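Undergrad: Sharing a structure below in structure tokens format, with a few things to ask.
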Amino acid sequence: TNGTPEKEVALGIARQCLQLNRDLFGNRLDIYLTRYRDTLVSLNDRARLAQTLQADAFVSIHCNHSPNDRAQGFEIYLSNKETDGRSHALAHCLAERLQCRLGLQKRGIKQSNFQVLRETHGHCPSILLETGFLSNATEADHIQKPEGRTAMALALLQTIIKLLYHD
């Protein structure tokens, strides 16, 4: 959409998380991506990786699309079976950071039965982040820029460090 494949944006943000973790946080986090290049990894394998690694958190990064090119904002999804609050805490802390510090419009924290959330639920805090709408020219332009991806990655890392490591 708008000349930007979602897979490139998501992978770009994830790679930026790796770089910032190394450059700013001295590899404080052990970050594993479900893919490091343009390959297809099944939803089942993504969840299985988080389980096998006994991940402290699982974040699935995506971009939204709408026929309405004025739709904008980020959304965060939790498993519709979320009961222990850890995923809620992760989602709310990230939403606050994205809204207050980056000025992004919040469309809400929602629950869904997405496979990756369903299959990681109970193993670790799990969220699915829709970073914004690629169908919105302004949001697409922002997320295509290195500074847009860096800001999103930094917000993710700071949120995880704050919540999981109480910093």
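If you're wondering about the labels, chains in the structure tokens are A, B, ... by order shown, residues count from 1 in each chain, ligands from 1 in order shown.
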Write down as a ChimeraX atom specification the residues of chain A whose backbone DSSP state falls under alpha helix (DSSP H).
TA: /A:6-25,43-52,86-96,115-120,137-144,146-165
Undergrad: Kindly export the residues of the current selection with C-alpha atoms, as a PDB file, in the first residue's frame.
TA:
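Result file is part28.pdb:
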```pdb
ATOM      1  CA  GLU A   6       3.964  -4.385   5.260  1.00  0.00           C
ATOM      2  CA  LYS A   7       6.579  -7.127   5.535  1.00  0.00           C
ATOM      3  CA  GLU A   8       9.366  -4.596   4.951  1.00  0.00           C
ATOM      4  CA  VAL A   9       8.072  -2.222   7.607  1.00  0.00           C
ATOM      5  CA  ALA A  10       7.626  -4.962  10.208  1.00  0.00           C
ATOM      6  CA  LEU A  11      11.038  -6.470   9.536  1.00  0.00           C
ATOM      7  CA  GLY A  12      12.612  -3.000   9.506  1.00  0.00           C
ATOM      8  CA  ILE A  13      11.221  -2.220  12.960  1.00  0.00           C
ATOM      9  CA  ALA A  14      12.321  -5.607  14.278  1.00  0.00           C
ATOM     10  CA  ARG A  15      15.845  -5.165  12.901  1.00  0.00           C
ATOM     11  CA  GLN A  16      15.966  -1.710  14.435  1.00  0.00           C
ATOM     12  CA  CYS A  17      15.107  -3.307  17.793  1.00  0.00           C
ATOM     13  CA  LEU A  18      18.174  -5.537  17.413  1.00  0.00           C
ATOM     14  CA  GLN A  19      20.409  -2.593  16.566  1.00  0.00           C
ATOM     15  CA  LEU A  20      19.138  -0.339  19.362  1.00  0.00           C
ATOM     16  CA  ASN A  21      19.408  -3.169  21.867  1.00  0.00           C
ATOM     17  CA  ARG A  22      23.054  -3.529  20.872  1.00  0.00           C
ATOM     18  CA  ASP A  23      23.942   0.165  20.524  1.00  0.00           C
ATOM     19  CA  LEU A  24      21.968   1.705  23.394  1.00  0.00           C
ATOM     20  CA  PHE A  25      21.395  -1.121  25.843  1.00  0.00           C
ATOM     21  CA  LEU A  43       2.029 -18.553  12.530  1.00  0.00           C
ATOM     22  CA  ASN A  44       2.343 -21.872  14.324  1.00  0.00           C
ATOM     23  CA  ASP A  45       6.145 -21.771  14.070  1.00  0.00           C
ATOM     24  CA  ARG A  46       6.242 -18.194  15.387  1.00  0.00           C
ATOM     25  CA  ALA A  47       4.339 -19.175  18.520  1.00  0.00           C
ATOM     26  CA  ARG A  48       6.328 -22.402  18.902  1.00  0.00           C
ATOM     27  CA  LEU A  49       9.586 -20.421  18.812  1.00  0.00           C
ATOM     28  CA  ALA A  50       8.414 -18.216  21.689  1.00  0.00           C
ATOM     29  CA  GLN A  51       7.424 -21.296  23.679  1.00  0.00           C
ATOM     30  CA  THR A  52      10.664 -23.159  22.951  1.00  0.00           C
ATOM     31  CA  ARG A  86       0.850  -9.189  32.151  1.00  0.00           C
ATOM     32  CA  SER A  87      -0.127  -8.692  28.515  1.00  0.00           C
ATOM     33  CA  HIS A  88      -2.499  -5.888  29.552  1.00  0.00           C
ATOM     34  CA  ALA A  89       0.338  -4.146  31.375  1.00  0.00           C
ATOM     35  CA  LEU A  90       2.638  -4.483  28.359  1.00  0.00           C
ATOM     36  CA  ALA A  91      -0.057  -3.166  26.008  1.00  0.00           C
ATOM     37  CA  HIS A  92      -1.025  -0.219  28.212  1.00  0.00           C
ATOM     38  CA  CYS A  93       2.568   0.843  28.849  1.00  0.00           C
ATOM     39  CA  LEU A  94       3.393   0.670  25.128  1.00  0.00           C
ATOM     40  CA  ALA A  95       0.200   2.521  24.190  1.00  0.00           C
ATOM     41  CA  GLU A  96       1.023   5.326  26.608  1.00  0.00           C
ATOM     42  CA  GLN A 115      -3.382 -17.431  16.261  1.00  0.00           C
ATOM     43  CA  VAL A 116      -0.053 -16.071  17.535  1.00  0.00           C
ATOM     44  CA  LEU A 117      -1.765 -14.585  20.587  1.00  0.00           C
ATOM     45  CA  ARG A 118      -3.836 -17.683  21.210  1.00  0.00           C
ATOM     46  CA  GLU A 119      -0.792 -19.955  21.018  1.00  0.00           C
ATOM     47  CA  THR A 120       1.526 -17.785  23.139  1.00  0.00           C
ATOM     48  CA  ALA A 137      -0.148   8.521   3.161  1.00  0.00           C
ATOM     49  CA  THR A 138       1.082  10.449   6.222  1.00  0.00           C
ATOM     50  CA  GLU A 139       1.518   7.348   8.376  1.00  0.00           C
ATOM     51  CA  ALA A 140       3.063   5.404   5.490  1.00  0.00           C
ATOM     52  CA  ASP A 141       5.553   8.218   4.915  1.00  0.00           C
ATOM     53  CA  HIS A 142       6.447   8.353   8.616  1.00  0.00           C
ATOM     54  CA  ILE A 143       7.038   4.611   9.012  1.00  0.00           C
ATOM     55  CA  GLN A 144       9.102   4.433   5.804  1.00  0.00           C
ATOM     56  CA  PRO A 146      14.449   5.471   9.358  1.00  0.00           C
ATOM     57  CA  GLU A 147      13.584   7.815  12.225  1.00  0.00           C
ATOM     58  CA  GLY A 148       9.984   6.563  12.253  1.00  0.00           C
ATOM     59  CA  ARG A 149      11.094   2.945  12.520  1.00  0.00           C
ATOM     60  CA  THR A 150      13.701   3.864  15.116  1.00  0.00           C
ATOM     61  CA  ALA A 151      11.117   5.660  17.259  1.00  0.00           C
ATOM     62  CA  MET A 152       8.762   2.669  17.116  1.00  0.00           C
ATOM     63  CA  ALA A 153      11.578   0.231  17.950  1.00  0.00           C
ATOM     64  CA  LEU A 154      12.823   2.363  20.826  1.00  0.00           C
ATOM     65  CA  ALA A 155       9.316   2.608  22.290  1.00  0.00           C
ATOM     66  CA  LEU A 156       9.038  -1.190  22.176  1.00  0.00           C
ATOM     67  CA  LEU A 157      12.419  -1.748  23.829  1.00  0.00           C
ATOM     68  CA  GLN A 158      11.881   0.834  26.551  1.00  0.00           C
ATOM     69  CA  THR A 159       8.472  -0.637  27.341  1.00  0.00           C
ATOM     70  CA  ILE A 160       9.799  -4.171  27.617  1.00  0.00           C
ATOM     71  CA  ILE A 161      12.735  -3.115  29.775  1.00  0.00           C
ATOM     72  CA  LYS A 162      10.507  -1.040  32.058  1.00  0.00           C
ATOM     73  CA  LEU A 163       7.906  -3.743  32.578  1.00  0.00           C
ATOM     74  CA  LEU A 164       9.936  -6.913  32.593  1.00  0.00           C
ATOM     75  CA  TYR A 165      13.024  -5.614  34.322  1.00  0.00           C
TER      76      TYR A 165
END
```
Undergrad: What's the separation between atom CA of A:Ala55 and atom CA of A:Leu33, in Å to one decimal place?
TA: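 These two atoms are separated by 11.4 Å.
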Undergrad: Hey, which of A:Leu40, A:Ile127, A:Ile31, A:Leu134 ends up closest to A:Gly85? Count only C-alpha atoms.
TA: A:Ile127
Undergrad: For atom CA of A:Thr83 and atom CA of A:Thr34, quote the distance in Å rounded to one decimal.
TA: 25.6 Å
Undergrad: Residues within 10 Å of A:Lys110, please, as a list in words. Count only C-alpha atoms; anything in the same chain fewer than 2 positions from it doesn't count.
TA: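 In the requested format, the answer is Glu75, Ile76, Tyr77, Leu78, Ser79, Asn80, His88, Ala91, Arg107, Gly108, Ser112, Ile127 and Leu128 of chain A.
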Undergrad: Which residue is closest to A:Ala71? Choose from A:Lys106, A:Asn27, A:Val41, A:Phe114 and count only C-alpha atoms.
TA: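 Closest residue, counting only C-alpha atoms: A:Lys106.
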Undergrad: In Å to one decimal, how far is atom CA of A:Cys124 from atom CA of A:Arg97?
TA: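 Going from atom CA of A:Arg97 over to atom CA of A:Cys124, I get 20.9 Å.
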Undergrad: Write down as a list in words the residues of stretch 16-131 of chain A whose backbone DSSP state falls under strand (DSSP E).
TA: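 So the strand (DSSP E) residues in stretch 16-131 of chain A would be Phe58, Val59, Ser60, Ile61, His62, Cys63, Asn64, Phe74, Glu75, Ile76, Tyr77, Leu78, Ser79, Lys106, Arg107, Gly108, Ile109, Lys110, Gln111, Ser112, Ser126, Ile127, Leu128, Leu129, Glu130 and Thr131 of chain A.
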Undergrad: Compile the contact shell of A:Thr131 as an mmCIF file with C-alpha atoms, in the first residue's frame: residues with an atom at most 8 Å away, counting only C-alpha atoms, same-chain residues fewer than 3 positions apart removed.
TA:
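Generated file (out_6.cif):
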```
data_model
loop_
_atom_site.group_PDB
_atom_site.id
_atom_site.type_symbol
_atom_site.label_atom_id
_atom_site.label_comp_id
_atom_site.auth_asym_id
_atom_site.auth_seq_id
_atom_site.Cartn_x
_atom_site.Cartn_y
_atom_site.Cartn_z
ATOM 1 C CA ILE A 61 4.602 -6.320 14.582
ATOM 2 C CA HIS A 62 2.206 -5.370 11.787
ATOM 3 C CA CYS A 63 0.771 -2.448 9.802
ATOM 4 C CA ASN A 64 -2.901 -1.777 9.226
ATOM 5 C CA GLY A 73 -3.474 5.335 14.486
ATOM 6 C CA PHE A 74 -2.018 2.313 16.198
ATOM 7 C CA GLU A 75 -3.831 -0.623 17.765
ATOM 8 C CA MET A 152 8.762 2.669 17.116
#
```
